$ cat my_file_9.pdb   # PDB, C-alpha atoms and all ligand atoms
ATOM      1  CA  MET A   1      -5.344 -14.864   1.446
ATOM      2  CA  CYS A   2      -3.828 -17.131   4.055
ATOM      3  CA  THR A   3      -5.723 -16.671   7.280
ATOM      4  CA  SER A   4      -5.562 -17.723  10.925
ATOM      5  CA  HIS A   5      -9.166 -17.248  11.774
ATOM      6  CA  GLU A   6     -12.598 -17.575  10.235
ATOM      7  CA  ASP A   7     -13.619 -14.105  11.468
ATOM      8  CA  ALA A   8     -10.585 -12.569   9.797
ATOM      9  CA  ALA A   9     -11.494 -14.350   6.566
ATOM     10  CA  ASN A  10     -15.016 -12.930   6.801
ATOM     11  CA  ASP A  11     -13.832  -9.411   7.593
ATOM     12  CA  LEU A  12     -11.230  -9.371   4.874
ATOM     13  CA  SER A  13     -12.680 -11.274   1.933
ATOM     14  CA  GLU A  14     -14.769  -8.242   0.947
ATOM     15  CA  ASN A  15     -12.477  -5.510   2.198
ATOM     16  CA  MET A  16      -9.029  -6.532   1.037
ATOM     17  CA  LEU A  17      -9.099  -7.170  -2.691
ATOM     18  CA  ILE A  18      -6.194  -8.106  -4.915
ATOM     19  CA  PHE A  19      -6.134  -7.893  -8.700
ATOM     20  CA  GLU A  20      -3.191  -9.778 -10.163
ATOM     21  CA  ASP A  21      -1.600  -8.436 -13.351
ATOM     22  CA  PHE A  22      -3.497  -5.191 -13.015
ATOM     23  CA  ILE A  23      -0.801  -3.539 -15.119
ATOM     24  CA  THR A  24       1.361  -4.918 -17.926
ATOM     25  CA  LYS A  25       5.168  -4.998 -17.965
ATOM     26  CA  GLN A  26       5.121  -2.053 -20.372
ATOM     27  CA  GLU A  27       2.921  -0.051 -18.017
ATOM     28  CA  GLU A  28       5.198  -0.895 -15.105
ATOM     29  CA  THR A  29       8.192   0.351 -17.094
ATOM     30  CA  ALA A  30       6.377   3.534 -18.074
ATOM     31  CA  LEU A  31       5.516   4.263 -14.442
ATOM     32  CA  MET A  32       9.120   3.611 -13.407
ATOM     33  CA  ASN A  33      10.422   5.912 -16.143
ATOM     34  CA  GLU A  34       8.400   8.740 -14.715
ATOM     35  CA  ILE A  35       9.082   7.965 -11.041
ATOM     36  CA  GLU A  36      12.760   7.050 -11.074
ATOM     37  CA  PRO A  37      14.394  10.388 -12.029
ATOM     38  CA  TYR A  38      12.863  11.979  -8.897
ATOM     39  CA  MET A  39      13.276   9.026  -6.613
ATOM     40  CA  ARG A  40      16.925   8.553  -7.510
ATOM     41  CA  ARG A  41      17.761  11.921  -5.953
ATOM     42  CA  LEU A  42      16.416  10.942  -2.532
ATOM     43  CA  ARG A  43      18.179   8.952   0.144
ATOM     44  CA  TYR A  44      16.770   5.868   1.809
ATOM     45  CA  GLU A  45      15.767   6.592   5.402
ATOM     46  CA  HIS A  46      16.639   4.328   8.336
ATOM     47  CA  ASP A  47      16.717   4.166  12.077
ATOM     48  CA  HIS A  48      14.006   6.581  13.065
ATOM     49  CA  TRP A  49      12.778   4.695  16.123
ATOM     50  CA  ASP A  50       9.202   5.914  15.748
ATOM     51  CA  ASP A  51       8.932   5.355  12.007
ATOM     52  CA  ALA A  52       6.527   2.760  10.719
ATOM     53  CA  ILE A  53       8.720   2.207   7.684
ATOM     54  CA  HIS A  54      12.330   1.142   7.520
ATOM     55  CA  GLY A  55      14.631   1.468   4.494
ATOM     56  CA  TYR A  56      12.477   3.682   2.335
ATOM     57  CA  ARG A  57      12.233   6.895   0.410
ATOM     58  CA  GLU A  58       9.023   8.477  -0.737
ATOM     59  CA  THR A  59       7.493  11.238  -2.752
ATOM     60  CA  GLU A  60       4.107  12.483  -3.904
ATOM     61  CA  ARG A  61       3.044  13.258  -7.405
ATOM     62  CA  ARG A  62       0.058  15.102  -8.750
ATOM     63  CA  ASN A  63       0.682  15.331 -12.480
ATOM     64  CA  TRP A  64       1.457  12.321 -14.635
ATOM     65  CA  ASN A  65       2.160  11.879 -18.312
ATOM     66  CA  GLU A  66      -0.674  10.762 -20.527
ATOM     67  CA  GLU A  67       0.194   7.068 -20.558
ATOM     68  CA  ASN A  68       0.530   6.834 -16.787
ATOM     69  CA  SER A  69      -2.579   8.941 -16.223
ATOM     70  CA  LYS A  70      -4.557   6.271 -18.072
ATOM     71  CA  VAL A  71      -3.262   3.559 -15.762
ATOM     72  CA  LEU A  72      -4.057   5.624 -12.683
ATOM     73  CA  LYS A  73      -7.506   6.333 -14.050
ATOM     74  CA  ARG A  74      -8.072   2.570 -14.227
ATOM     75  CA  VAL A  75      -7.084   2.278 -10.566
ATOM     76  CA  GLN A  76      -9.394   5.135  -9.709
ATOM     77  CA  ASP A  77     -12.293   3.515 -11.555
ATOM     78  CA  VAL A  78     -12.103   0.287  -9.545
ATOM     79  CA  ALA A  79     -11.033   1.694  -6.181
ATOM     80  CA  PHE A  80     -12.903   4.996  -6.030
ATOM     81  CA  PRO A  81     -16.157   4.784  -7.932
ATOM     82  CA  PRO A  82     -18.104   8.064  -7.894
ATOM     83  CA  PRO A  83     -18.931   9.959  -5.751
ATOM     84  CA  THR A  84     -15.759   9.108  -3.843
ATOM     85  CA  ALA A  85     -13.182  11.867  -4.065
ATOM     86  CA  LYS A  86      -9.662  10.576  -4.341
ATOM     87  CA  LEU A  87      -6.769  12.698  -3.146
ATOM     88  CA  ALA A  88      -5.076  14.615  -5.945
ATOM     89  CA  TYR A  89      -1.615  13.513  -4.852
ATOM     90  CA  VAL A  90      -0.469   9.966  -5.437
ATOM     91  CA  HIS A  91       1.950   8.620  -2.808
ATOM     92  CA  ILE A  92       4.983   6.736  -4.084
ATOM     93  CA  LEU A  93       6.883   4.599  -1.616
ATOM     94  CA  ASP A  94      10.214   3.017  -2.511
ATOM     95  CA  LEU A  95      11.317   0.209  -0.169
ATOM     96  CA  GLN A  96      14.827  -1.051  -0.627
ATOM     97  CA  LYS A  97      15.416  -4.823  -0.741
ATOM     98  CA  THR A  98      15.975  -4.897   3.007
ATOM     99  CA  GLY A  99      13.192  -2.398   3.731
ATOM    100  CA  TYR A 100       9.930  -3.220   5.454
ATOM    101  CA  ILE A 101       6.778  -1.625   6.835
ATOM    102  CA  LYS A 102       5.912  -2.205  10.489
ATOM    103  CA  PRO A 103       2.303  -2.766  11.591
ATOM    104  CA  HIS A 104       0.292   0.442  11.559
ATOM    105  CA  ILE A 105      -3.095   1.889  10.671
ATOM    106  CA  ASP A 106      -3.065   4.916   8.378
ATOM    107  CA  ALA A 107      -4.166   8.039  10.274
ATOM    108  CA  VAL A 108      -7.879   8.789   9.855
ATOM    109  CA  ARG A 109      -7.037  12.480   9.607
ATOM    110  CA  PHE A 110      -5.177  11.965   6.362
ATOM    111  CA  CYS A 111      -7.212   9.508   4.366
ATOM    112  CA  GLY A 112     -10.651   8.024   4.019
ATOM    113  CA  ASN A 113     -11.957   4.465   3.935
ATOM    114  CA  THR A 114      -9.976   3.193   0.941
ATOM    115  CA  ILE A 115      -6.278   2.687   0.176
ATOM    116  CA  ALA A 116      -5.321   1.321  -3.249
ATOM    117  CA  GLY A 117      -1.768   0.242  -4.061
ATOM    118  CA  LEU A 118       0.053  -0.912  -7.170
ATOM    119  CA  SER A 119       3.172  -3.011  -6.541
ATOM    120  CA  LEU A 120       6.110  -2.421  -8.891
ATOM    121  CA  LEU A 121       9.477  -4.234  -9.205
ATOM    122  CA  SER A 122       8.923  -6.893  -6.527
ATOM    123  CA  SER A 123       6.337  -9.155  -5.014
ATOM    124  CA  SER A 124       5.915  -8.993  -1.242
ATOM    125  CA  VAL A 125       3.739 -10.249   1.590
ATOM    126  CA  MET A 126       1.331  -7.945   3.391
ATOM    127  CA  ARG A 127       0.014  -9.042   6.797
ATOM    128  CA  LEU A 128      -3.185  -7.719   8.328
ATOM    129  CA  VAL A 129      -3.653  -8.236  12.074
ATOM    130  CA  HIS A 130      -6.800  -7.273  13.968
ATOM    131  CA  ASP A 131      -5.892  -4.308  16.130
ATOM    132  CA  LYS A 132      -7.740  -5.587  19.223
ATOM    133  CA  GLN A 133      -7.455  -9.334  18.739
ATOM    134  CA  LYS A 134      -4.020 -10.306  17.573
ATOM    135  CA  ASP A 135      -4.911 -13.924  16.798
ATOM    136  CA  LYS A 136      -7.084 -12.649  13.947
ATOM    137  CA  TYR A 137      -4.749 -12.097  11.035
ATOM    138  CA  ALA A 138      -4.258 -12.890   7.385
ATOM    139  CA  ASP A 139      -1.378 -12.760   4.924
ATOM    140  CA  PHE A 140      -1.763 -11.530   1.364
ATOM    141  CA  LEU A 141       0.583 -12.118  -1.535
ATOM    142  CA  LEU A 142       1.089  -8.823  -3.342
ATOM    143  CA  LYS A 143       2.512  -9.928  -6.638
ATOM    144  CA  ARG A 144       4.571  -7.620  -8.775
ATOM    145  CA  ARG A 145       2.180  -5.584 -10.991
ATOM    146  CA  SER A 146      -0.864  -6.383  -8.844
ATOM    147  CA  LEU A 147      -3.289  -3.883  -7.326
ATOM    148  CA  TYR A 148      -4.673  -4.185  -3.832
ATOM    149  CA  ILE A 149      -7.651  -2.323  -2.451
ATOM    150  CA  MET A 150      -7.888  -2.139   1.331
ATOM    151  CA  ARG A 151     -11.032  -0.580   2.667
ATOM    152  CA  ASP A 152     -13.406  -0.226   5.624
ATOM    153  CA  LYS A 153     -12.779  -2.988   8.207
ATOM    154  CA  ALA A 154      -9.471  -3.944   6.603
ATOM    155  CA  ARG A 155      -8.363  -0.321   6.690
ATOM    156  CA  TYR A 156      -9.714   0.716  10.124
ATOM    157  CA  ASP A 157      -9.767  -2.447  12.276
ATOM    158  CA  TYR A 158      -6.580  -4.186  11.143
ATOM    159  CA  THR A 159      -2.985  -3.063  11.154
ATOM    160  CA  HIS A 160      -1.091  -3.677   7.915
ATOM    161  CA  GLU A 161       2.597  -4.360   7.406
ATOM    162  CA  VAL A 162       4.936  -5.473   4.627
ATOM    163  CA  LEU A 163       7.238  -8.273   5.784
ATOM    164  CA  ASP A 164      11.002  -7.956   5.602
ATOM    165  CA  GLU A 165      13.034 -10.276   3.418
ATOM    166  CA  ASP A 166      13.718 -12.776   6.238
ATOM    167  CA  ASN A 167      10.016 -13.237   6.902
ATOM    168  CA  SER A 168       8.741 -12.894   3.363
ATOM    169  CA  LYS A 169       6.863 -16.186   3.050
ATOM    170  CA  PHE A 170       3.402 -17.021   1.810
ATOM    171  CA  LYS A 171       1.824 -20.423   2.460
ATOM    172  CA  GLY A 172       5.263 -21.735   3.379
ATOM    173  CA  GLU A 173       6.926 -20.556   0.155
ATOM    174  CA  ILE A 174       9.611 -17.894   0.158
ATOM    175  CA  VAL A 175       8.554 -14.715  -1.659
ATOM    176  CA  PRO A 176      11.887 -13.152  -2.659
ATOM    177  CA  ARG A 177      12.065  -9.476  -1.840
ATOM    178  CA  GLU A 178      13.711  -7.014  -4.202
ATOM    179  CA  ARG A 179      13.444  -3.265  -4.204
ATOM    180  CA  ARG A 180       9.700  -2.566  -4.214
ATOM    181  CA  ILE A 181       7.843   0.544  -5.264
ATOM    182  CA  SER A 182       4.230   1.081  -4.360
ATOM    183  CA  VAL A 183       2.026   3.649  -6.025
ATOM    184  CA  ILE A 184      -0.706   4.405  -3.519
ATOM    185  CA  LEU A 185      -3.997   6.229  -4.053
ATOM    186  CA  ARG A 186      -6.161   7.277  -1.146
ATOM    187  CA  ASN A 187      -9.444   9.127  -0.755
ATOM    188  CA  GLU A 188     -10.433  12.204   1.204
ATOM    189  CA  PRO A 189     -10.687  11.745   4.983
ATOM    190  CA  ASP A 190     -14.127  10.980   6.306
ATOM    191  CA  PRO A 191     -15.217  14.070   8.318
ATOM    192  CA  GLU A 192     -17.068  11.897  10.866
ATOM    193  CA  ARG A 193     -13.967   9.860  11.587
ATOM    194  CA  GLU A 194     -12.019  13.087  11.923
ATOM    195  CA  GLU A 195     -14.490  14.192  14.583
ATOM    196  CA  ASP A 196     -13.873  10.921  16.439
ATOM    197  CA  PHE A 197     -10.217  11.649  16.273
ATOM    198  CA  LYS A 198     -10.572  15.112  17.802
ATOM    199  CA  SER A 199     -12.877  14.070  20.643
TER
HETATM  200  C1  LIG A 201       1.848   3.216   3.843
HETATM  201  C2  LIG A 201       1.695   1.780   3.505
HETATM  202  C3  LIG A 201       1.765   0.070   1.832
HETATM  203  C4  LIG A 201       2.414  -0.243   0.547
HETATM  204  O1  LIG A 201       2.603   3.924   3.158
HETATM  205  O2  LIG A 201       1.171   3.664   4.798
HETATM  206  O3  LIG A 201       1.150   1.061   4.299
HETATM  207  O4  LIG A 201       1.817  -1.000  -0.224
HETATM  208  N1  LIG A 201       2.134   1.335   2.310
HETATM  209  O5  LIG A 201       3.510   0.255   0.308
HETATM  210 MN    MN A 202      -0.235   2.228   5.543
END
$ encode --input "my_file_9.pdb" --output "structure tokens" --more "lines below"
Ligand code: OGA
Ligand code: MN
Amino acid sequence: MCTSHEDAANDLSENMLIFEDFITKQEETALMNEIEPYMRRLRYEHDHWDDAIHGYRETERRNWNEENSKVLKRVQDVAFPPPTAKLAYVHILDLQKTGYIKPHIDAVRFCGNTIAGLSLLSSSVMRLVHDKQKDKYADFLLKRRSLYIMRDKARYDYTHEVLDEDNSKFKGEIVPRERRISVILRNEPDPEREEDFKS
């Protein structure tokens, strides 16, 4: 973490976790072998003015081969310990080299307090900025093959974004951006938060 503010460090040290080398190169290849035949058929999307994401294609997957299921089970075990119910569908987001994710907070209607993401093919920098106090922010280096777990305050009180290649720097060092695939697991929406949303 590279942070601007002591409060941000306190908020995020417990709620934005990164596990480097969470998967091996072989596991990364196995995931790509299952993902790529579907992904290759889709086009990268651009230029939707209201889109949070630029230069991307995406899909969802429920059923995985045995090898990949084991890897996803490992993610589930660290990110969603029982009794947390994770969503059956895994979200797969493919950002092209020039793609990026603008600051946003995932809708409370669609997922619960935890978002867990594996980074394949490229490292990148994720920035979290406090939604109400923009001077509170922190950058995180998401290395290729790492897992991040963003939960609670990090998920609800901070926007998150993935920096584009021109801004992809961590602690002053350039983090080269290549095509990046994230494999994202989320949990069931929290009914109480959904009520907040409706009222
Ligand atoms: C998203 C998102 C982050 C990532 O799809 O909402 O923020 O790691 N993705 O790709
Ligand atoms: Mn998001």
$ residues_near_ligand --input "my_file_9.pdb" --ligand "ligand LIG 201 (chain A)" --cutoff "6 Å" --atoms "all atoms listed in the file" --output "list of chain:residue names"
A:Leu93, A:Asp106, A:Gly117, A:Ser182
$ residues_around --input "my_file_9.pdb" --residues "Ile105 in chain A" --least-positions-apart "6" --cutoff "9 Å" --atoms "only C-alpha atoms" --output "list in words"
Asp131, Arg155, Tyr156, Asp157, Tyr158, Thr159 and His160 of chain A
$ resolve_selection --input "my_file_9.pdb" --expression "the PyMOL selection byres (((chain A and resi 20) around 7) and not hetatm)" --output "count of residues only"
8
$ resolve_selection --input "my_file_9.pdb" --expression "the PyMOL selection byres (((chain A and resi 28) around 10) and not hetatm)" --output "short mmCIF file (atom, residue, chain, number, x, y, z; two decimals) with C-alpha atoms, in the coordinates of the input"
data_model
loop_
_atom_site.label_atom_id
_atom_site.label_comp_id
_atom_site.auth_asym_id
_atom_site.auth_seq_id
_atom_site.Cartn_x
_atom_site.Cartn_y
_atom_site.Cartn_z
CA PHE A 22 -3.50 -5.19 -13.02
CA ILE A 23 -0.80 -3.54 -15.12
CA THR A 24 1.36 -4.92 -17.93
CA LYS A 25 5.17 -5.00 -17.96
CA GLN A 26 5.12 -2.05 -20.37
CA GLU A 27 2.92 -0.05 -18.02
CA THR A 29 8.19 0.35 -17.09
CA ALA A 30 6.38 3.53 -18.07
CA LEU A 31 5.52 4.26 -14.44
CA MET A 32 9.12 3.61 -13.41
CA ASN A 33 10.42 5.91 -16.14
CA ASN A 68 0.53 6.83 -16.79
CA VAL A 71 -3.26 3.56 -15.76
CA LEU A 118 0.05 -0.91 -7.17
CA SER A 119 3.17 -3.01 -6.54
CA LEU A 120 6.11 -2.42 -8.89
CA LEU A 121 9.48 -4.23 -9.20
CA ARG A 144 4.57 -7.62 -8.78
CA ARG A 145 2.18 -5.58 -10.99
#
$ atom_distance --input "my_file_9.pdb" --atom1 "CA of Asp135 in chain A" --atom2 "CA of His104 in chain A"
16.2 Å
$ residues_around --input "my_file_9.pdb" --residues "Phe140 in chain A" --least-positions-apart "6" --cutoff "7 Å" --atoms "only C-alpha atoms" --output "list in words"
Met1, Cys2, Val125, Met126 and Arg127 of chain A
$ resolve_selection --input "my_file_9.pdb" --expression "the PyMOL selection byres (((chain A and resi 51-53) around 10) and not hetatm)" --output "number ranges by chain"
A: 45-50, 54-57, 93, 95, 99-105, 161-162
$ atom_distance --input "my_file_9.pdb" --atom1 "CA of Val78 in chain A" --atom2 "CA of Ile149 in chain A"
8.8 Å
$ atom_distance --input "my_file_9.pdb" --atom1 "CA of Val90 in chain A" --atom2 "CA of Val183 in chain A"
6.8 Å
$ closest_residue --input "my_file_9.pdb" --among "A:Gln76, A:Ser13, A:Ser4, A:Gln96" --to "Met39 in chain A" --atoms "all atoms listed in the file"
A:Gln96
$ closest_residue --input "my_file_9.pdb" --among "A:Lys134, A:Cys111, A:Glu188, A:Ala9" --to "ligand MN 202 (chain A)" --atoms "only C-alpha atoms and all ligand atoms"
A:Cys111
$ closest_residue --input "my_file_9.pdb" --among "A:Asn15, A:Ser123, A:Ser168, A:Asn65" --to "Arg151 in chain A" --atoms "all atoms listed in the file"
A:Asn15
$ closest_residue --input "my_file_9.pdb" --among "A:Tyr38, A:Tyr137, A:Phe110, A:Phe170" --to "ligand MN 202 (chain A)" --atoms "all atoms listed in the file"
A:Phe110
$ closest_residue --input "my_file_9.pdb" --among "A:Val175, A:Leu72, A:Ala107, A:Ala138" --to "Asp7 in chain A" --atoms "all atoms listed in the file"
A:Ala138
$ closest_residue --input "my_file_9.pdb" --among "A:Leu42, A:Met150, A:Met16, A:Leu163" --to "Ala116 in chain A" --atoms "all atoms listed in the file"
A:Met150
$ residues_near_point --input "my_file_9.pdb" --point "(-9.8, -7.2, 11.2)" --cutoff "7 Å" --atoms "only C-alpha atoms" --output "list in words"
Ala8, Asp11, Leu12, Val129, His130, Asp131, Lys136, Lys153, Ala154, Asp157 and Tyr158 of chain A
$ residues_around --input "my_file_9.pdb" --residues "Asn187 in chain A" --least-positions-apart "4" --cutoff "7 Å" --atoms "only C-alpha atoms" --output "list of chain:residue names"
A:Ala85, A:Lys86, A:Leu87, A:Cys111, A:Gly112, A:Thr114
